[in-house]
Amino acid sequence: MARIATGDTDEALDVVQDAMMKLVQHYADRSEAEWPPLFYRVLNNRINDWHRRGAVRRRWMAWRRAPEEGDDHPELDWHDPEAPGTERRVAGERAAEALERALRRLPPRQQQAFMLRTWEGLDVAQTAQAMGCSAGSVKTHYSRAVHTLREQLQDHWP
């Protein structure tokens, strides 16, 4: 969830670690059953903080350096086109990359609702608690996310 939101594995690990520390510091006395929604609430807050800090950094750093020619570093494709199952594997990788791009384009609340419900397996009530909103709001955000993802990913999934 944090990796999708930040777009960077190292940043995501920092955000998750910070969220885990905050959970332990503030909620260690709560029952174990309460921890998952509390953790995701703290994680969502840490992700929002990360985005706010990033916006400030981008405004401050914008004047320091203009993009230079040759800054793009495309990744090399190491797939062996002759290997059995390569076409299917490559298609799966492309579909996963398309899903990740589509998730990043979702508004933050839709992204959170989708990821908490689908990837983390929380029910509506737990998701509402984690997001700090009503169950109806979770259902709305989730539904909109699913419709948007279906529309954007129709070329990759039937």
# chains A, B, ... in the order shown; residues from 1 in each chain; ligands from 1
>>> closest_atom_pairs(of="region 81-151 of chain A", to="region 16-38 of chain A", cutoff="9 Å", atoms="only C-alpha atoms", output="Markdown table")
| residue | atom | partner | partner_atom | distance |
| --- | --- | --- | --- | --- |
| A:Leu122 | CA | A:Pro37 | CA | 7.9 |
| A:Gln126 | CA | A:Pro37 | CA | 5.4 |
| A:Thr127 | CA | A:Pro37 | CA | 6.7 |
| A:Ala128 | CA | A:Pro37 | CA | 8.5 |
| A:Gln129 | CA | A:Pro37 | CA | 6.1 |
| A:Ala130 | CA | A:Pro37 | CA | 4.7 |
| A:Met131 | CA | A:Pro37 | CA | 8.4 |
>>> closest_residue(among="A:Gly92, A:Ala125, A:Arg109, A:Arg144", to="His156 (chain A)", atoms="only C-alpha atoms")
A:Gly92
>>> residues_around(residues="region 97-102 of chain A", least_positions_apart="3", cutoff="10 Å", atoms="only C-alpha atoms", output="mmCIF file with N, CA and C atoms, in the first residue's frame")
data_model
loop_
_atom_site.group_PDB
_atom_site.id
_atom_site.type_symbol
_atom_site.label_atom_id
_atom_site.label_comp_id
_atom_site.auth_asym_id
_atom_site.auth_seq_id
_atom_site.Cartn_x
_atom_site.Cartn_y
_atom_site.Cartn_z
ATOM 1 N N ARG A 3 3.990 1.429 -0.915
ATOM 2 C CA ARG A 3 4.798 1.478 -2.133
ATOM 3 C C ARG A 3 4.004 2.067 -3.279
ATOM 4 N N ILE A 4 2.756 1.709 -3.387
ATOM 5 C CA ILE A 4 1.909 2.267 -4.446
ATOM 6 C C ILE A 4 1.732 3.765 -4.211
ATOM 7 N N ALA A 5 1.491 4.148 -2.964
ATOM 8 C CA ALA A 5 1.235 5.554 -2.647
ATOM 9 C C ALA A 5 2.467 6.427 -2.849
ATOM 10 N N GLY A 7 5.384 5.351 -4.580
ATOM 11 C CA GLY A 7 6.061 5.067 -5.839
ATOM 12 C C GLY A 7 7.524 4.708 -5.661
ATOM 13 N N ALA A 91 3.332 -10.707 -20.398
ATOM 14 C CA ALA A 91 1.985 -10.138 -20.394
ATOM 15 C C ALA A 91 1.506 -9.916 -18.957
ATOM 16 N N GLY A 92 1.786 -10.863 -18.076
ATOM 17 C CA GLY A 92 1.415 -10.719 -16.666
ATOM 18 C C GLY A 92 2.146 -9.564 -15.997
ATOM 19 N N GLU A 93 3.430 -9.423 -16.316
ATOM 20 C CA GLU A 93 4.210 -8.309 -15.752
ATOM 21 C C GLU A 93 3.679 -6.970 -16.249
ATOM 22 N N ARG A 94 3.339 -6.922 -17.526
ATOM 23 C CA ARG A 94 2.789 -5.678 -18.085
ATOM 24 C C ARG A 94 1.445 -5.347 -17.455
ATOM 25 N N ARG A 105 -2.921 6.609 -10.101
ATOM 26 C CA ARG A 105 -3.728 7.707 -10.650
ATOM 27 C C ARG A 105 -5.041 7.906 -9.895
ATOM 28 N N LEU A 106 -5.446 6.927 -9.100
ATOM 29 C CA LEU A 106 -6.686 7.079 -8.339
ATOM 30 C C LEU A 106 -6.540 8.189 -7.306
ATOM 31 N N GLN A 111 -7.914 5.139 -3.622
ATOM 32 C CA GLN A 111 -6.762 4.249 -3.546
ATOM 33 C C GLN A 111 -6.733 3.535 -2.195
ATOM 34 N N ALA A 145 -13.451 3.393 -7.287
ATOM 35 C CA ALA A 145 -12.115 2.875 -7.623
ATOM 36 C C ALA A 145 -12.230 1.667 -8.544
ATOM 37 N N THR A 148 -13.284 2.735 -12.067
ATOM 38 C CA THR A 148 -12.183 3.411 -12.758
ATOM 39 C C THR A 148 -11.122 2.412 -13.190
ATOM 40 N N LEU A 149 -10.761 1.489 -12.294
ATOM 41 C CA LEU A 149 -9.737 0.493 -12.628
ATOM 42 C C LEU A 149 -10.200 -0.425 -13.751
ATOM 43 N N ARG A 150 -11.450 -0.842 -13.716
ATOM 44 C CA ARG A 150 -11.975 -1.693 -14.798
ATOM 45 C C ARG A 150 -11.885 -0.975 -16.140
ATOM 46 N N GLU A 151 -12.225 0.304 -16.130
ATOM 47 C CA GLU A 151 -12.207 1.087 -17.359
ATOM 48 C C GLU A 151 -10.774 1.245 -17.880
ATOM 49 N N GLN A 152 -9.841 1.528 -16.977
ATOM 50 C CA GLN A 152 -8.450 1.777 -17.378
ATOM 51 C C GLN A 152 -7.705 0.505 -17.724
ATOM 52 N N LEU A 153 -8.122 -0.625 -17.197
ATOM 53 C CA LEU A 153 -7.372 -1.870 -17.370
ATOM 54 C C LEU A 153 -8.051 -2.863 -18.298
ATOM 55 N N ASP A 155 -7.811 -3.404 -21.316
ATOM 56 C CA ASP A 155 -6.911 -4.027 -22.303
ATOM 57 C C ASP A 155 -6.085 -5.144 -21.703
ATOM 58 N N HIS A 156 -5.956 -5.180 -20.378
ATOM 59 C CA HIS A 156 -5.099 -6.173 -19.723
ATOM 60 C C HIS A 156 -5.881 -7.329 -19.100
#
>>> atom_distance(atom1="CA of His51 (chain A)", atom2="CA of Leu103 (chain A)")
15.6 Å
>>> atom_distance(atom1="CA of Asn48 (chain A)", atom2="CA of His147 (chain A)")
23.9 Å
>>> atom_distance(atom1="CA of Pro108 (chain A)", atom2="CA of Leu43 (chain A)")
12.8 Å
